[in-house]
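Let me begin by presenting the structure, written as structure tokens, before commenting on it.
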Amino acid sequence: MSINNHKIESPKDRQNRHKAMEAVKLLNSIKEDFKHPIKSMDYFYDLFEKVYCKHESLHDDKVKIGTMCIQIPSEIIYALDGVPVRLCNGFYTDDEIGSDLLPQKSCPLIKATVGHFASDNFTDRPNIVFSPTTCDQKTKAGSIIEHFGHTVIDVDFPRTKESEESREYWRRSVRKFTENLSRFQGKKLTRKNLKNAITKVGYAQSLYHEVSKYRQDEIVSISGTDVFLLTNAFFFDKIDKWIEAMETLIDELEMRSREQINVANKLSPRIIYTGSPPVFPNYKIPHILEQSDAVIVADETCSSNRMFNDMVAVDEWLVNDMIDSISDKYLKACTCPVFTKNNDRIRRIINLVKQYKADGVVYQAFAGCTVYELEQRSVLEAMEKEGIPILYLESDYSPSQGGQLSTRIEAFIESLKTRRRNKK
Ligand code: SF4
Ligand code: SF4
């Protein structure tokens with residue numbers, strides 16, 4: 001316990017206060033720094049404030065299904081009347097708590113996720129957790145979380161993607177996940193509830209694609225930091241509210257596009273962002289990039305683009321066929337470097353560069369994330385071959401690294417600007 005303003009402050013209150021300070025610092029800086037703010041982004045700013053500063057629950061009337069990674073199909077959770085709550089965490093406060101429990105060299109996202117469970121300061125505490133065996137650290141984190149009194153169920157994930165065997169292996173895992181969740185919820189999947197859920201999630205995905213169209217234009221109507229915020233909101237928001245807010249945002253982007261309102265400058269380099277996922281409020285690199293006169297026009301990360309990229313393609317609207325189609329979509333869309341070969345990721349980055357007329361790529365890996373660190377060489381070589389400038393950065397959640405990163409980012413942006421000028 002510590003004394004603050006003559007009141008006794010419990011460790012939990014202190015952690016919540018620190019997290020609220022992290023959240024407010026980022027939100028204020030986003031709101032104040034960028035020219036021509038978007039009015040309808042207020043919904044998302046308020047949502048993060050509500051959850052992380054006021055500690056208001058969004059789902060106290062629902063069963064919360066915690067997901068340790070993007071690979072758990074939200075369509076099946078919605079169909080079985082649960083709410084998916086993605087547990088990937090971006091708070092430095094939680095990272096510090098997790099640092100006392102895990103090896104120092106662990107990935108900050110894992111430390112923060114474990115730290116969150118250790119401090120147990122959830123606004124929407126998960127009733128059960130599903131943990132896909134993707135990267136080694138995620139896999140181990142699931143079993144560590146169990147020690148804090150949570151029910152954690154592993155979902156076997158293949159480490160190869162191309163073979164028929166891995167496809168079948170994953171389909172079986174998703175069927176087993178469905179059985180486990182169905183038993184937990186005491187509900188059955190029906191054609192109707194699963195079709196409705198696929199349709200709703202598909203519609204949410206289509207809204208993300210609508211927003212992305214405005215980022216392909218020469219005049220960019222929305223910053224990359226704002227887009228990370230709205231995609232991160234999808235981790236935990238009520239889906240109907242999120243859809244409504246996105247529809248309002250699209251109307252405003254249409255108006256901004258007609259009025260040629262640009263969030264960047266004419267010479268601002270257009271960036272594709274890839275690597276370890278930016279999770280609120282750890283937007284350190286995206287934020288430095290956009291404060292240094294670049295604009296992120298698209299990304300290849302699991303906290304944004306990868307969640308919305310591929311749609312479920314159903315041939316027959318029968319329960320088993322729908323489950324298989326959902327499984328295929330999740331495996332196909334995943335370009336996480338946990339796979340042995342990951343050529344899809346390279347292809348996707350190159351396509352994004354072309355589609356969004358980008359000037360360069362920024363590849364960020366969390367210190368301690370071996371798979372993103374290991375994959376940097378193949379991505380760097382592929383970009384070099386294509387003549388695409390790329391900057392590789394290693395970072396963590398600590399607030400102290402800013403100056404060093406800024407210098408490298410600014411030098412990269414200057415080189416992209418010179419390249420642009422020379423092209424004219
Ligand atoms: S980086 Fe990979 S393992 Fe980690 S949350 Fe994203 S998709 Fe899952
Ligand atoms: S950033 Fe790396 S270590 Fe962390 S969850 Fe993703 S793949 Fe795993």
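By convention here, the chains of the structure tokens are called A, B, ... in the order presented, each chain's residues are numbered starting at 1, and ligands are numbered starting at 1 in the order presented.
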
Original post:
Given a cut-off of 10 Å, what residues near ligand 2 show up using only C-alpha atoms and all ligand atoms, put as a PyMOL selection string?
Top reply: chain A and resi 68-69+88-89+106-111+113+134-139+141+275-278+301-302+336-338+364-373

Save the residues we just selected, C-alpha atoms, as a compact mmCIF listing (two decimals), in the first residue's frame?
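Output contents, as saved in selection-v5.txt:
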# COMPACT_ATOMS: atom_id res chain seq x y z
CA MET A 68 -4.68 -15.51 -26.78
CA CYS A 69 -4.13 -14.85 -30.48
CA CYS A 88 -2.86 -9.39 -26.46
CA ASN A 89 -1.70 -6.50 -24.27
CA SER A 106 10.71 -12.62 -23.31
CA CYS A 107 8.55 -10.77 -25.85
CA PRO A 108 6.98 -7.66 -24.22
CA LEU A 109 3.53 -8.57 -25.56
CA ILE A 110 3.73 -11.89 -23.70
CA LYS A 111 5.09 -10.26 -20.53
CA THR A 113 -0.37 -10.37 -21.20
CA THR A 134 1.26 -20.56 -32.37
CA CYS A 135 4.61 -19.14 -31.21
CA ASP A 136 6.53 -20.80 -28.35
CA GLN A 137 5.96 -17.90 -25.99
CA LYS A 138 2.20 -17.77 -26.56
CA THR A 139 2.07 -21.52 -26.05
CA ALA A 141 1.98 -18.21 -21.61
CA GLY A 275 6.14 -7.02 -37.90
CA SER A 276 5.18 -7.52 -34.27
CA PRO A 277 1.69 -6.16 -33.65
CA PRO A 278 1.11 -2.62 -32.33
CA THR A 301 0.30 -7.11 -38.74
CA CYS A 302 -2.01 -9.31 -36.70
CA CYS A 336 2.61 -14.91 -38.75
CA PRO A 337 6.28 -15.97 -38.90
CA VAL A 338 5.56 -19.04 -36.76
CA GLN A 364 9.40 -3.73 -36.40
CA ALA A 365 10.23 -6.73 -34.20
CA PHE A 366 9.78 -6.86 -30.46
CA ALA A 367 13.03 -7.56 -28.66
CA GLY A 368 12.64 -11.17 -27.55
CA CYS A 369 10.37 -12.20 -30.43
CA THR A 370 12.61 -14.75 -32.10
CA VAL A 371 10.35 -15.54 -35.06
CA TYR A 372 9.99 -11.95 -36.26
CA GLU A 373 13.72 -11.44 -35.69

**OP:** Determine, counting only C-alpha atoms, which protein, DNA and RNA residues have an atom within 9 Å of an atom of Ala358 (chain A); residues of the same chain fewer than 3 positions away are not included. Present the result as a list of chain:residue names.
**Re:**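 Counting only C-alpha atoms, the residues come to A:Pro269, A:Arg270, A:Ile271, A:Ile272, A:Ile296, A:Val297, A:Ala298, A:Leu352, A:Val353, A:Lys354, A:Gln355, A:Val361, A:Ile388.
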
**OP:** Excluding region 231-234 of chain A and residues on its chain fewer than 6 positions from it, collect all residues at most 7 Å away from it, counting only C-alpha atoms, and give them as a ChimeraX atom specification.
**Re:** /A:242,279-280,303-304

Determine which residues of region 47-198 of chain A DSSP labels as strand (DSSP E or B) from the backbone of this structure, then write them out as a compact mmCIF listing (two decimals) with N, CA and C atoms, in the first residue's frame.
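out05.txt was written with the following content:
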# COMPACT_ATOMS: atom_id res chain seq x y z
N VAL A 63 -21.00 -13.77 -21.63
CA VAL A 63 -19.86 -14.64 -21.30
C VAL A 63 -18.68 -14.20 -22.17
N LYS A 64 -17.56 -13.91 -21.49
CA LYS A 64 -16.39 -13.41 -22.22
C LYS A 64 -15.45 -14.57 -22.55
N ILE A 65 -15.15 -14.71 -23.82
CA ILE A 65 -14.27 -15.79 -24.27
C ILE A 65 -12.91 -15.18 -24.59
N GLY A 66 -11.95 -15.40 -23.72
CA GLY A 66 -10.61 -14.84 -23.92
C GLY A 66 -9.88 -15.58 -25.02
N THR A 67 -9.23 -14.84 -25.92
CA THR A 67 -8.46 -15.46 -27.00
C THR A 67 -7.03 -14.95 -26.92
N GLY A 82 -21.19 -16.00 -27.21
CA GLY A 82 -20.13 -15.43 -26.36
C GLY A 82 -19.61 -14.14 -26.97
N VAL A 83 -18.72 -13.48 -26.22
CA VAL A 83 -18.07 -12.28 -26.76
C VAL A 83 -16.57 -12.55 -26.80
N PRO A 84 -15.94 -12.45 -27.98
CA PRO A 84 -14.49 -12.67 -28.01
C PRO A 84 -13.76 -11.47 -27.41
N VAL A 85 -12.81 -11.75 -26.53
CA VAL A 85 -11.99 -10.67 -25.95
C VAL A 85 -10.54 -11.05 -26.18
N ARG A 86 -9.90 -10.35 -27.09
CA ARG A 86 -8.50 -10.71 -27.39
C ARG A 86 -7.59 -10.18 -26.30
N ILE A 128 -13.30 -17.91 -19.74
CA ILE A 128 -12.50 -19.06 -20.19
C ILE A 128 -11.51 -18.51 -21.21
N VAL A 129 -10.37 -19.19 -21.35
CA VAL A 129 -9.36 -18.69 -22.31
C VAL A 129 -9.02 -19.81 -23.29
N PHE A 130 -8.98 -19.47 -24.59
CA PHE A 130 -8.52 -20.42 -25.61
C PHE A 130 -7.16 -19.94 -26.12
N SER A 131 -6.22 -20.87 -26.12
CA SER A 131 -4.83 -20.48 -26.44
C SER A 131 -4.29 -21.32 -27.59
N PRO A 132 -4.19 -20.75 -28.80
CA PRO A 132 -3.64 -21.53 -29.90
C PRO A 132 -2.13 -21.69 -29.75
N VAL A 152 -7.79 -22.60 -19.08
CA VAL A 152 -7.14 -22.31 -20.37
C VAL A 152 -7.16 -23.58 -21.21
N ILE A 153 -7.71 -23.47 -22.40
CA ILE A 153 -7.77 -24.65 -23.28
C ILE A 153 -6.89 -24.41 -24.50
N ASP A 154 -5.94 -25.33 -24.71
CA ASP A 154 -5.04 -25.22 -25.87
C ASP A 154 -5.80 -25.55 -27.16
N VAL A 155 -5.44 -24.85 -28.21
CA VAL A 155 -6.00 -25.17 -29.54
C VAL A 155 -4.79 -25.45 -30.43

**OP:** For atom 7 (S, counted along the ligand's line) of ligand 1 and CA of Thr274 (chain A), determine how far apart the two atoms are, in Å to one decimal place.
**Re:** 12.2 Å

Original post:
Between A:Thr123, A:Thr335, A:Gln404, A:Thr248, which has the minimum distance to ligand 1 (counting only C-alpha atoms and all ligand atoms)?
Top reply: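 With only C-alpha atoms and all ligand atoms as the atom set, the closest residue is A:Thr335.
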
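The smallest atom-to-atom distance between ligand 1 and any of A:Asn305, A:Gln216, A:Ser119, A:Thr225, using only C-alpha atoms and all ligand atoms, is found for A:Asn305.
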
**OP:** Would you list the contacts of Glu22 (chain A) as a list in words, taking every protein, DNA or RNA residue within 12 Å and counting only C-alpha atoms, but skipping same-chain residues closer than 4 positions in sequence?
**Re:**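 My list of contacting residues is Gln15, Asn16, Arg17, His18, Leu26, Leu27, Asn28, Ser29, Phe48, Glu49, Tyr52, Cys53, Gly90, Phe91, Tyr92, Thr93, Asp94, Phe280, Pro281, Asn282, Tyr283, Lys284, Tyr397, Ser398 and Pro399 of chain A.
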
Subject >> Nearest to ligand 1, chosen from A:Tyr208, A:Tyr330, A:Tyr356, A:Phe412, with only C-alpha atoms and all ligand atoms counted in the distances >> reply: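 Of all the options, A:Tyr330 lies closest to ligand 1.
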
Subject >> Every residue of region 124-199 of chain A that DSSP places in helix (DSSP H, G or I), as a PyMOL selection string >> reply: chain A and resi 136-146+164-185+191-199

**OP:** One decimal, Å: what's the distance from CA of Glu384 (chain A) over to CA of Val263 (chain A), could you say?
**Re:**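 Those two atoms sit 29.0 Å apart.
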
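Among the candidates A:Asp46, A:Glu300, A:Asp95, A:Glu386, the one nearest to ligand 1 when counting only C-alpha atoms and all ligand atoms is A:Glu300.
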
**OP:** Would you mind telling me which residue in A:Glu164, A:Phe235, A:Lys266, A:Ser99 lies nearest to ligand 1 when using only C-alpha atoms and all ligand atoms?
**Re:** A:Phe235

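Rounded to one decimal, CA of Ile350 (chain A) and CA of Tyr203 (chain A) lie 26.3 Å from each other.
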
Original post:
For Asp324 (chain A), which of A:Ile219, A:Leu87, A:Ile70, A:Val174 is the closest residue, counting only C-alpha atoms?
Top reply: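 Of the candidates, the smallest distance to Asp324 (chain A) is held by A:Val174.
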